[in-house]
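K.L.:
Next up, upload-v5.pdb (PDB, C-alpha atoms).
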ATOM      1  CA  MET A   1      17.107  94.199  12.167  1.00  0.00           C
ATOM      2  CA  LEU A   2      14.369  95.448  14.483  1.00  0.00           C
ATOM      3  CA  ALA A   3      13.261  93.155  17.286  1.00  0.00           C
ATOM      4  CA  LYS A   4      10.169  91.083  16.550  1.00  0.00           C
ATOM      5  CA  ARG A   5       7.245  91.679  18.898  1.00  0.00           C
ATOM      6  CA  ILE A   6       5.117  89.148  20.772  1.00  0.00           C
ATOM      7  CA  ILE A   7       1.618  90.477  21.445  1.00  0.00           C
ATOM      8  CA  PRO A   8      -1.094  88.781  23.530  1.00  0.00           C
ATOM      9  CA  CYS A   9      -4.629  89.699  22.474  1.00  0.00           C
ATOM     10  CA  LEU A  10      -7.524  90.177  24.853  1.00  0.00           C
ATOM     11  CA  ASP A  11     -10.787  89.555  22.971  1.00  0.00           C
ATOM     12  CA  VAL A  12     -13.405  91.014  25.314  1.00  0.00           C
ATOM     13  CA  LYS A  13     -17.140  90.414  25.285  1.00  0.00           C
ATOM     14  CA  ALA A  14     -19.508  91.394  28.126  1.00  0.00           C
ATOM     15  CA  GLY A  15     -16.520  92.356  30.249  1.00  0.00           C
ATOM     16  CA  LYS A  16     -14.793  88.968  29.988  1.00  0.00           C
ATOM     17  CA  VAL A  17     -11.862  87.760  27.900  1.00  0.00           C
ATOM     18  CA  VAL A  18     -13.097  85.082  25.494  1.00  0.00           C
ATOM     19  CA  LYS A  19     -11.640  82.946  22.733  1.00  0.00           C
ATOM     20  CA  GLY A  20     -13.215  80.826  20.012  1.00  0.00           C
ATOM     21  CA  VAL A  21     -12.527  79.113  16.705  1.00  0.00           C
ATOM     22  CA  ASN A  22     -13.048  80.914  13.382  1.00  0.00           C
ATOM     23  CA  PHE A  23     -14.561  83.813  15.393  1.00  0.00           C
ATOM     24  CA  LYS A  24     -17.258  81.451  16.819  1.00  0.00           C
ATOM     25  CA  GLN A  25     -17.818  79.109  19.816  1.00  0.00           C
ATOM     26  CA  LEU A  26     -16.532  81.648  22.334  1.00  0.00           C
ATOM     27  CA  LYS A  27     -15.260  80.384  25.693  1.00  0.00           C
ATOM     28  CA  TYR A  28     -14.287  82.237  28.866  1.00  0.00           C
ATOM     29  CA  ALA A  29     -10.544  82.842  29.221  1.00  0.00           C
ATOM     30  CA  GLY A  30     -10.153  85.299  32.101  1.00  0.00           C
ATOM     31  CA  GLU A  31     -10.544  88.846  33.382  1.00  0.00           C
ATOM     32  CA  PRO A  32      -9.115  91.687  31.192  1.00  0.00           C
ATOM     33  CA  ALA A  33      -7.191  93.622  33.840  1.00  0.00           C
ATOM     34  CA  GLU A  34      -5.814  90.469  35.488  1.00  0.00           C
ATOM     35  CA  LEU A  35      -4.553  88.966  32.219  1.00  0.00           C
ATOM     36  CA  ALA A  36      -3.134  92.302  31.090  1.00  0.00           C
ATOM     37  CA  GLY A  37      -1.093  92.539  34.289  1.00  0.00           C
ATOM     38  CA  GLN A  38       0.165  88.965  33.926  1.00  0.00           C
ATOM     39  CA  TYR A  39       1.422  89.574  30.399  1.00  0.00           C
ATOM     40  CA  THR A  40       3.388  92.612  31.496  1.00  0.00           C
ATOM     41  CA  LYS A  41       5.270  90.420  33.991  1.00  0.00           C
ATOM     42  CA  GLN A  42       5.772  87.609  31.457  1.00  0.00           C
ATOM     43  CA  GLY A  43       7.650  89.795  28.989  1.00  0.00           C
ATOM     44  CA  ALA A  44       5.009  90.646  26.376  1.00  0.00           C
ATOM     45  CA  ASP A  45       6.052  93.532  24.145  1.00  0.00           C
ATOM     46  CA  GLU A  46       2.545  94.934  23.786  1.00  0.00           C
ATOM     47  CA  VAL A  47      -1.058  94.014  24.548  1.00  0.00           C
ATOM     48  CA  VAL A  48      -4.043  94.388  22.215  1.00  0.00           C
ATOM     49  CA  PHE A  49      -7.531  94.791  23.666  1.00  0.00           C
ATOM     50  CA  LEU A  50     -10.422  94.172  21.254  1.00  0.00           C
ATOM     51  CA  ASP A  51     -14.052  94.767  22.219  1.00  0.00           C
ATOM     52  CA  ILE A  52     -15.075  92.143  19.674  1.00  0.00           C
ATOM     53  CA  SER A  53     -18.839  92.691  19.630  1.00  0.00           C
ATOM     54  CA  ALA A  54     -18.899  96.503  19.727  1.00  0.00           C
ATOM     55  CA  SER A  55     -19.202  97.062  15.967  1.00  0.00           C
ATOM     56  CA  TYR A  56     -21.621  94.185  15.490  1.00  0.00           C
ATOM     57  CA  GLU A  57     -23.782  95.488  18.364  1.00  0.00           C
ATOM     58  CA  LYS A  58     -23.416  99.069  17.056  1.00  0.00           C
ATOM     59  CA  ARG A  59     -22.067 100.490  20.302  1.00  0.00           C
ATOM     60  CA  LYS A  60     -18.943 102.195  21.615  1.00  0.00           C
ATOM     61  CA  THR A  61     -16.010 100.468  23.289  1.00  0.00           C
ATOM     62  CA  GLN A  62     -16.673  99.960  26.999  1.00  0.00           C
ATOM     63  CA  LYS A  63     -14.451 102.633  28.558  1.00  0.00           C
ATOM     64  CA  LYS A  64     -14.409 101.040  32.018  1.00  0.00           C
ATOM     65  CA  TRP A  65     -12.728  97.904  30.624  1.00  0.00           C
ATOM     66  CA  VAL A  66     -10.109  99.998  28.843  1.00  0.00           C
ATOM     67  CA  GLN A  67      -9.282 102.060  31.911  1.00  0.00           C
ATOM     68  CA  GLN A  68      -8.946  99.019  34.165  1.00  0.00           C
ATOM     69  CA  ALA A  69      -6.628  97.239  31.741  1.00  0.00           C
ATOM     70  CA  ALA A  70      -4.520 100.368  31.172  1.00  0.00           C
ATOM     71  CA  GLN A  71      -3.900 100.672  34.921  1.00  0.00           C
ATOM     72  CA  SER A  72      -2.419  97.144  34.901  1.00  0.00           C
ATOM     73  CA  LEU A  73       0.055  97.819  32.079  1.00  0.00           C
ATOM     74  CA  ASP A  74       3.416  99.475  31.589  1.00  0.00           C
ATOM     75  CA  ILE A  75       3.864  98.297  27.986  1.00  0.00           C
ATOM     76  CA  PRO A  76       2.196  99.651  24.813  1.00  0.00           C
ATOM     77  CA  PHE A  77      -1.548  99.063  24.812  1.00  0.00           C
ATOM     78  CA  THR A  78      -3.742  99.006  21.695  1.00  0.00           C
ATOM     79  CA  VAL A  79      -7.543  99.252  21.854  1.00  0.00           C
ATOM     80  CA  GLY A  80     -10.071  98.380  19.156  1.00  0.00           C
ATOM     81  CA  GLY A  81     -13.791  97.809  18.759  1.00  0.00           C
ATOM     82  CA  GLY A  82     -16.571 100.353  18.302  1.00  0.00           C
ATOM     83  CA  ILE A  83     -14.221 103.242  17.519  1.00  0.00           C
ATOM     84  CA  ALA A  84     -15.902 105.158  14.697  1.00  0.00           C
ATOM     85  CA  SER A  85     -14.769 108.779  14.941  1.00  0.00           C
ATOM     86  CA  VAL A  86     -11.870 111.051  15.827  1.00  0.00           C
ATOM     87  CA  LYS A  87     -13.734 111.875  19.050  1.00  0.00           C
ATOM     88  CA  ASP A  88     -13.813 108.166  19.947  1.00  0.00           C
ATOM     89  CA  MET A  89     -10.085 107.907  19.271  1.00  0.00           C
ATOM     90  CA  ARG A  90      -9.307 110.865  21.506  1.00  0.00           C
ATOM     91  CA  GLU A  91     -11.398 109.470  24.382  1.00  0.00           C
ATOM     92  CA  ILE A  92      -9.725 106.045  24.221  1.00  0.00           C
ATOM     93  CA  LEU A  93      -6.238 107.573  24.134  1.00  0.00           C
ATOM     94  CA  ARG A  94      -7.103 109.687  27.167  1.00  0.00           C
ATOM     95  CA  LEU A  95      -8.117 106.534  29.054  1.00  0.00           C
ATOM     96  CA  GLY A  96      -4.573 105.184  28.714  1.00  0.00           C
ATOM     97  CA  ALA A  97      -4.353 103.496  25.322  1.00  0.00           C
ATOM     98  CA  ASP A  98      -1.197 104.046  23.275  1.00  0.00           C
ATOM     99  CA  LYS A  99      -2.727 103.050  19.940  1.00  0.00           C
ATOM    100  CA  ILE A 100      -6.145 102.909  18.331  1.00  0.00           C
ATOM    101  CA  CYS A 101      -7.211  99.916  16.245  1.00  0.00           C
ATOM    102  CA  ILE A 102      -9.994 100.354  13.693  1.00  0.00           C
ATOM    103  CA  ASN A 103     -11.508  97.821  11.317  1.00  0.00           C
ATOM    104  CA  THR A 104     -15.159  98.200  10.304  1.00  0.00           C
ATOM    105  CA  ALA A 105     -15.019 101.997  10.723  1.00  0.00           C
ATOM    106  CA  ALA A 106     -11.998 102.205   8.427  1.00  0.00           C
ATOM    107  CA  ILE A 107     -13.785 100.180   5.741  1.00  0.00           C
ATOM    108  CA  GLU A 108     -16.941 102.289   5.970  1.00  0.00           C
ATOM    109  CA  ASN A 109     -15.026 105.580   6.147  1.00  0.00           C
ATOM    110  CA  PRO A 110     -11.400 105.313   4.897  1.00  0.00           C
ATOM    111  CA  ASN A 111     -10.923 109.038   5.591  1.00  0.00           C
ATOM    112  CA  LEU A 112     -10.962 108.164   9.298  1.00  0.00           C
ATOM    113  CA  ILE A 113      -7.533 106.576   8.849  1.00  0.00           C
ATOM    114  CA  THR A 114      -6.148 109.790   7.379  1.00  0.00           C
ATOM    115  CA  GLN A 115      -7.795 111.994   9.991  1.00  0.00           C
ATOM    116  CA  GLY A 116      -6.511 109.873  12.859  1.00  0.00           C
ATOM    117  CA  ALA A 117      -2.977 109.763  11.491  1.00  0.00           C
ATOM    118  CA  GLU A 118      -2.900 113.524  10.974  1.00  0.00           C
ATOM    119  CA  LEU A 119      -4.242 114.337  14.441  1.00  0.00           C
ATOM    120  CA  PHE A 120      -2.529 111.734  16.610  1.00  0.00           C
ATOM    121  CA  GLY A 121       0.359 110.508  14.440  1.00  0.00           C
ATOM    122  CA  SER A 122       0.611 107.412  12.268  1.00  0.00           C
ATOM    123  CA  GLN A 123       2.213 105.507  15.154  1.00  0.00           C
ATOM    124  CA  CYS A 124      -1.129 105.689  17.011  1.00  0.00           C
ATOM    125  CA  ILE A 125      -3.282 104.259  14.237  1.00  0.00           C
ATOM    126  CA  VAL A 126      -3.595 100.528  13.538  1.00  0.00           C
ATOM    127  CA  VAL A 127      -5.968  99.063  10.966  1.00  0.00           C
ATOM    128  CA  ALA A 128      -7.161  95.526  11.671  1.00  0.00           C
ATOM    129  CA  MET A 129      -7.990  93.299   8.709  1.00  0.00           C
ATOM    130  CA  ASP A 130     -10.073  90.153   9.173  1.00  0.00           C
ATOM    131  CA  VAL A 131      -9.355  88.038   6.101  1.00  0.00           C
ATOM    132  CA  LYS A 132     -10.766  84.865   4.547  1.00  0.00           C
ATOM    133  CA  SER A 133      -9.385  82.830   1.673  1.00  0.00           C
ATOM    134  CA  THR A 134     -11.945  82.615  -1.156  1.00  0.00           C
ATOM    135  CA  LEU A 135     -12.033  81.376  -4.753  1.00  0.00           C
ATOM    136  CA  ASN A 136     -11.254  84.968  -5.740  1.00  0.00           C
ATOM    137  CA  GLY A 137      -8.289  85.316  -3.395  1.00  0.00           C
ATOM    138  CA  TRP A 138      -7.973  86.806   0.092  1.00  0.00           C
ATOM    139  CA  ARG A 139     -10.961  88.959   0.972  1.00  0.00           C
ATOM    140  CA  VAL A 140     -11.609  91.349   3.872  1.00  0.00           C
ATOM    141  CA  TYR A 141     -14.580  90.918   6.236  1.00  0.00           C
ATOM    142  CA  SER A 142     -16.095  93.519   8.557  1.00  0.00           C
ATOM    143  CA  HIS A 143     -18.272  93.579  11.711  1.00  0.00           C
ATOM    144  CA  GLY A 144     -16.205  91.052  13.647  1.00  0.00           C
ATOM    145  CA  GLY A 145     -15.643  88.846  10.611  1.00  0.00           C
ATOM    146  CA  THR A 146     -19.354  88.426   9.907  1.00  0.00           C
ATOM    147  CA  ARG A 147     -19.815  90.494   6.734  1.00  0.00           C
ATOM    148  CA  PRO A 148     -18.000  90.118   3.403  1.00  0.00           C
ATOM    149  CA  THR A 149     -16.832  93.432   1.942  1.00  0.00           C
ATOM    150  CA  GLY A 150     -15.456  92.221  -1.382  1.00  0.00           C
ATOM    151  CA  LEU A 151     -12.227  94.095  -0.678  1.00  0.00           C
ATOM    152  CA  ASP A 152      -9.030  92.393  -1.823  1.00  0.00           C
ATOM    153  CA  ALA A 153      -6.805  92.076   1.263  1.00  0.00           C
ATOM    154  CA  VAL A 154      -3.538  93.111  -0.403  1.00  0.00           C
ATOM    155  CA  LYS A 155      -5.112  96.070  -2.210  1.00  0.00           C
ATOM    156  CA  TRP A 156      -6.811  97.207   1.006  1.00  0.00           C
ATOM    157  CA  ALA A 157      -3.482  97.004   2.844  1.00  0.00           C
ATOM    158  CA  ILE A 158      -1.873  99.223   0.196  1.00  0.00           C
ATOM    159  CA  GLU A 159      -4.765 101.706   0.461  1.00  0.00           C
ATOM    160  CA  CYS A 160      -4.427 101.854   4.248  1.00  0.00           C
ATOM    161  CA  GLN A 161      -0.718 102.585   3.948  1.00  0.00           C
ATOM    162  CA  LYS A 162      -1.383 105.410   1.495  1.00  0.00           C
ATOM    163  CA  ARG A 163      -3.811 106.911   3.991  1.00  0.00           C
ATOM    164  CA  GLY A 164      -1.177 107.029   6.732  1.00  0.00           C
ATOM    165  CA  VAL A 165      -1.796 104.006   8.936  1.00  0.00           C
ATOM    166  CA  GLY A 166       1.092 103.116  11.244  1.00  0.00           C
ATOM    167  CA  GLU A 167       0.729  99.337  11.100  1.00  0.00           C
ATOM    168  CA  LEU A 168      -1.674  96.575  10.085  1.00  0.00           C
ATOM    169  CA  LEU A 169      -3.077  93.767  12.230  1.00  0.00           C
ATOM    170  CA  VAL A 170      -3.874  90.955   9.786  1.00  0.00           C
ATOM    171  CA  THR A 171      -6.026  88.101  11.119  1.00  0.00           C
ATOM    172  CA  SER A 172      -6.765  84.944   9.159  1.00  0.00           C
ATOM    173  CA  ILE A 173     -10.371  84.031   9.974  1.00  0.00           C
ATOM    174  CA  ASP A 174      -9.716  80.558   8.513  1.00  0.00           C
ATOM    175  CA  ARG A 175      -6.905  79.945  10.998  1.00  0.00           C
ATOM    176  CA  ASP A 176      -8.388  81.746  14.022  1.00  0.00           C
ATOM    177  CA  GLY A 177      -8.355  79.481  17.090  1.00  0.00           C
ATOM    178  CA  THR A 178      -7.447  76.376  15.080  1.00  0.00           C
ATOM    179  CA  LYS A 179      -3.826  76.148  16.294  1.00  0.00           C
ATOM    180  CA  ASN A 180      -2.871  75.059  12.766  1.00  0.00           C
ATOM    181  CA  GLY A 181      -0.297  77.810  12.358  1.00  0.00           C
ATOM    182  CA  PHE A 182      -0.390  81.366  11.052  1.00  0.00           C
ATOM    183  CA  ASP A 183      -1.252  81.885   7.387  1.00  0.00           C
ATOM    184  CA  TYR A 184       2.276  83.035   6.604  1.00  0.00           C
ATOM    185  CA  LYS A 185       1.542  83.121   2.867  1.00  0.00           C
ATOM    186  CA  LEU A 186      -1.136  85.766   3.465  1.00  0.00           C
ATOM    187  CA  ILE A 187       1.207  87.734   5.695  1.00  0.00           C
ATOM    188  CA  LYS A 188       4.080  87.541   3.210  1.00  0.00           C
ATOM    189  CA  ALA A 189       1.829  88.690   0.355  1.00  0.00           C
ATOM    190  CA  ILE A 190       0.977  91.843   2.299  1.00  0.00           C
ATOM    191  CA  VAL A 191       4.529  92.403   3.568  1.00  0.00           C
ATOM    192  CA  GLN A 192       5.837  92.312   0.003  1.00  0.00           C
ATOM    193  CA  LYS A 193       3.472  95.080  -1.116  1.00  0.00           C
ATOM    194  CA  THR A 194       3.761  97.418   1.872  1.00  0.00           C
ATOM    195  CA  SER A 195       6.494  99.072   3.911  1.00  0.00           C
ATOM    196  CA  ILE A 196       4.770  99.392   7.304  1.00  0.00           C
ATOM    197  CA  PRO A 197       4.860  96.918  10.210  1.00  0.00           C
ATOM    198  CA  ILE A 198       2.570  93.900   9.799  1.00  0.00           C
ATOM    199  CA  ILE A 199       1.206  92.028  12.826  1.00  0.00           C
ATOM    200  CA  ALA A 200       0.251  88.413  12.067  1.00  0.00           C
ATOM    201  CA  SER A 201      -2.772  86.955  13.842  1.00  0.00           C
ATOM    202  CA  GLY A 202      -4.817  83.752  13.748  1.00  0.00           C
ATOM    203  CA  GLY A 203      -3.691  80.146  14.127  1.00  0.00           C
ATOM    204  CA  ALA A 204      -0.847  80.106  16.651  1.00  0.00           C
ATOM    205  CA  GLY A 205      -0.541  76.658  18.192  1.00  0.00           C
ATOM    206  CA  SER A 206       3.162  76.090  18.828  1.00  0.00           C
ATOM    207  CA  GLU A 207       6.440  77.919  19.165  1.00  0.00           C
ATOM    208  CA  GLU A 208       7.345  76.680  15.673  1.00  0.00           C
ATOM    209  CA  ASP A 209       4.343  78.572  14.280  1.00  0.00           C
ATOM    210  CA  PHE A 210       5.877  81.810  15.529  1.00  0.00           C
ATOM    211  CA  VAL A 211       9.246  80.902  14.017  1.00  0.00           C
ATOM    212  CA  ASN A 212       7.557  80.246  10.659  1.00  0.00           C
ATOM    213  CA  VAL A 213       5.561  83.472  10.553  1.00  0.00           C
ATOM    214  CA  PHE A 214       8.693  85.494  11.264  1.00  0.00           C
ATOM    215  CA  LYS A 215      11.023  83.579   8.951  1.00  0.00           C
ATOM    216  CA  LYS A 216       8.654  82.621   6.120  1.00  0.00           C
ATOM    217  CA  GLY A 217       5.987  85.294   6.474  1.00  0.00           C
ATOM    218  CA  LYS A 218       8.413  88.133   7.303  1.00  0.00           C
ATOM    219  CA  ALA A 219       5.963  89.487   9.914  1.00  0.00           C
ATOM    220  CA  ASP A 220       7.101  92.290  12.208  1.00  0.00           C
ATOM    221  CA  ALA A 221       5.019  91.036  15.124  1.00  0.00           C
ATOM    222  CA  ALA A 222       2.868  88.023  16.016  1.00  0.00           C
ATOM    223  CA  LEU A 223      -0.332  88.177  18.004  1.00  0.00           C
ATOM    224  CA  ALA A 224      -2.005  85.265  19.783  1.00  0.00           C
ATOM    225  CA  ALA A 225      -4.633  84.629  22.421  1.00  0.00           C
ATOM    226  CA  SER A 226      -5.580  81.127  23.575  1.00  0.00           C
ATOM    227  CA  VAL A 227      -2.050  79.666  23.610  1.00  0.00           C
ATOM    228  CA  PHE A 228      -1.096  82.406  26.073  1.00  0.00           C
ATOM    229  CA  HIS A 229      -4.374  82.572  28.032  1.00  0.00           C
ATOM    230  CA  TYR A 230      -4.447  78.823  28.753  1.00  0.00           C
ATOM    231  CA  GLY A 231      -0.700  78.481  29.358  1.00  0.00           C
ATOM    232  CA  LYS A 232       0.192  76.326  26.360  1.00  0.00           C
ATOM    233  CA  ILE A 233       3.016  78.700  25.431  1.00  0.00           C
ATOM    234  CA  SER A 234       5.091  80.771  27.831  1.00  0.00           C
ATOM    235  CA  ILE A 235       6.155  84.123  26.389  1.00  0.00           C
ATOM    236  CA  LYS A 236       9.504  83.819  28.155  1.00  0.00           C
ATOM    237  CA  CYS A 237      10.198  80.376  26.669  1.00  0.00           C
ATOM    238  CA  LEU A 238       8.910  81.471  23.265  1.00  0.00           C
ATOM    239  CA  LYS A 239      11.405  84.326  23.153  1.00  0.00           C
ATOM    240  CA  LYS A 240      14.236  81.935  23.987  1.00  0.00           C
ATOM    241  CA  THR A 241      13.168  79.688  21.093  1.00  0.00           C
ATOM    242  CA  LEU A 242      13.012  82.645  18.714  1.00  0.00           C
ATOM    243  CA  SER A 243      16.487  83.781  19.773  1.00  0.00           C
ATOM    244  CA  LYS A 244      17.864  80.275  19.137  1.00  0.00           C
ATOM    245  CA  ASN A 245      16.431  80.549  15.623  1.00  0.00           C
ATOM    246  CA  GLN A 246      18.255  83.839  15.011  1.00  0.00           C
ATOM    247  CA  ILE A 247      15.059  85.886  15.301  1.00  0.00           C
ATOM    248  CA  PRO A 248      15.736  89.114  17.233  1.00  0.00           C
ATOM    249  CA  VAL A 249      13.453  89.741  20.226  1.00  0.00           C
ATOM    250  CA  ARG A 250      13.448  92.008  23.255  1.00  0.00           C
ATOM    251  CA  LYS A 251      14.506  90.240  26.436  1.00  0.00           C
TER     252      LYS A 251
END
So, in terms of C-alpha cells, how does the structure I just supplied come out?
P.N.:
Amino acid sequence: MLAKRIIPCLDVKAGKVVKGVNFKQLKYAGEPAELAGQYTKQGADEVVFLDISASYEKRKTQKKWVQQAAQSLDIPFTVGGGIASVKDMREILRLGADKICINTAAIENPNLITQGAELFGSQCIVVAMDVKSTLNGWRVYSHGGTRPTGLDAVKWAIECQKRGVGELLVTSIDRDGTKNGFDYKLIKAIVQKTSIPIIASGGAGSEEDFVNVFKKGKADAALAASVFHYGKISIKCLKKTLSKNQIPVRK
C-alpha cells in the first residue's frame, strides 16, 4: 500500500496566510514563506498554496508569493488560485511549483484539464472541488466556494478523471474550519467511483479525524490548515499515531 500523505495548506489573501470557518471569518495565521519552511522541517509530505481570492477578484495568482514560498521548500509544492490558461500554468511551474491546482477555471473550461495534462503530464494537474451537501446531494461550488454550479460532485470527479487530471483535492465547505472531522462519506463516495489519488480537505480537528478519513474514507492524502498553523496538531506526532493505526506514512 502506498504511503498516505499529510499536506498543510496555505490559504493566502493579500500576502498573508489566513484561515476561517466555512470559507468565511478569515483570521491571520502567518507568513507564507515562513510557514512553508516550517512544514518542510516538521515532516510534511507536500504543501499546497492557494491564492483564495484570485478567482473571485478576477486576477492572476501573485507570483511573488509563489516564488518566495518555493524557495523555502524541498518537498512537492502545489499552487492554485487565478490560474486560467496553459500560459498561467507554465509561468507558475517556472516559478518553482511542482503541481498546478485549478478549480473555477476547470469548471468554466474543462478542456483546460486536458490541455494541461497533455502538455505538462497528469502528475502536474490537480483539480480542486469545493463541495456542499444539499437536498439534491453533494454539489460543486466555484469562485472560492461562493457560487453554486449545479454540478454533482461524484459525476464531476469522474469527468475530471476522464480528462486526464492527476489527482483531486476535495474540500467539504460544510466542514471547513469547524474541526468536526473530515466528511469521509463524501471522500469515500468519490474514491469508489475513481481510480486517481483523492486528497481530503475540510474539518480536521484531531488526530483521530485523520485516522478516520484514511480508514473509513479511503483517502490517499489529507490536507489541513488551522490545526497545523496554530500548533494543535504536530505533523510528527500525527504520523506516529497513523503508524500505530496501521496506516502507512513516510517518516
K.L.:
Write out as a VMD selection string the residues lying within 10 Å of segment 83-99 of chain A, counting all atoms listed in the file and excluding same-chain residues fewer than 4 positions away.
P.N.:
chain A and resid 46 48 to 49 51 54 to 55 58 to 71 73 75 to 79 103 to 106 108 to 109 112 to 113 115 to 117 119 to 126 166
K.L.:
Using all atoms listed in the file, collect all residues at a distance of at most 8 Å from (9.1, 84.5, 15.0) as written in the file, then present them as a PDB file with C-alpha atoms, in the coordinates of the input.
P.N.:
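Result file is point.pdb:
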ATOM      1  CA  LYS A   4      10.169  91.083  16.550  1.00  0.00           C
ATOM      2  CA  ASP A 209       4.343  78.572  14.280  1.00  0.00           C
ATOM      3  CA  PHE A 210       5.877  81.810  15.529  1.00  0.00           C
ATOM      4  CA  VAL A 211       9.246  80.902  14.017  1.00  0.00           C
ATOM      5  CA  ASN A 212       7.557  80.246  10.659  1.00  0.00           C
ATOM      6  CA  VAL A 213       5.561  83.472  10.553  1.00  0.00           C
ATOM      7  CA  PHE A 214       8.693  85.494  11.264  1.00  0.00           C
ATOM      8  CA  LYS A 215      11.023  83.579   8.951  1.00  0.00           C
ATOM      9  CA  ALA A 219       5.963  89.487   9.914  1.00  0.00           C
ATOM     10  CA  ALA A 221       5.019  91.036  15.124  1.00  0.00           C
ATOM     11  CA  ALA A 222       2.868  88.023  16.016  1.00  0.00           C
ATOM     12  CA  LEU A 242      13.012  82.645  18.714  1.00  0.00           C
ATOM     13  CA  ILE A 247      15.059  85.886  15.301  1.00  0.00           C
TER      14      ILE A 247
END
K.L.:
Give as a list in words the residues that the PyMOL selection byres ((chain A and resi 250) around 10) matches when applied to the coordinates above.
P.N.:
Leu2, Ala3, Lys4, Arg5, Ile6, Gly43, Ala44, Asp45, Lys239, Ser243, Pro248, Val249 and Lys251 of chain A
K.L.:
Could you pull out every residue with an atom within 9 Å of (-7.1, 76.6, 15.4), file coordinates, counting all atoms listed in the file, and send them as an MDAnalysis selection string?
P.N.:
chainID A and resid 20:22 174:181 202:205
K.L.:
Please, what distance in Å, to one decimal, runs between atom CA of Thr241 of chain A and atom CA of Met129 of chain A?
P.N.:
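Taking atom CA of Thr241 of chain A and atom CA of Met129 of chain A, their separation equals 28.0 Å.
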K.L.:
Please indicate the distance in Å from atom CA of Thr171 of chain A to atom CA of Thr40 of chain A, rounded to one decimal place.
P.N.:
22.9 Å
K.L.:
Suppose a student applies the PyMOL selection byres ((chain A and resi 159) around 12) to this structure; what residues should they get, written as a list in words?
P.N.:
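Evaluating the PyMOL selection byres ((chain A and resi 159) around 12) on these coordinates yields Ala106, Ile107, Pro110, Asn111, Ile113, Thr114, Val127, Leu151, Asp152, Ala153, Val154, Lys155, Trp156, Ala157, Ile158, Cys160, Gln161, Lys162, Arg163, Gly164, Val165, Leu168, Ile190, Lys193, Thr194 and Ile196 of chain A.
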K.L.:
For a test of reading the model, state the distance in Å between atom CA of Asp220 of chain A and atom CA of Val12 of chain A, rounded to one decimal.
P.N.:
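Atom CA of Val12 of chain A lies 24.4 Å from atom CA of Asp220 of chain A.
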K.L.:
In terms of the shortest atom-to-atom distance over all atoms listed in the file, which of A:Ser172, A:Ser201, A:Gln246, A:Ser72 is closest to Cys9 of chain A?
P.N.:
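The closest residue to Cys9 of chain A is A:Ser201.
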K.L.:
Let me make sure I understand: among A:Leu223, A:Val170, A:Leu135, A:Ala189, which one has the smallest atom-to-atom distance to Ile235 of chain A if we use only C-alpha atoms?
P.N.:
A:Leu223
K.L.:
Kindly compute an axis-aligned box around the listed atoms of segment 81-99 of chain A, allowing 5 Å on each side, and express its centre and edge lengths in Å to one decimal as lines of an AutoDock Vina configuration file.
P.N.:
center_x = -8.9
center_y = 104.8
center_z = 21.9
size_x = 25.4
size_y = 24.1
size_z = 24.4
K.L.:
Please enumerate the residues selected by the PyMOL selection byres ((chain A and resi 147-150) around 10) when evaluated against the supplied file, formatted as a count of residues only.
P.N.:
20
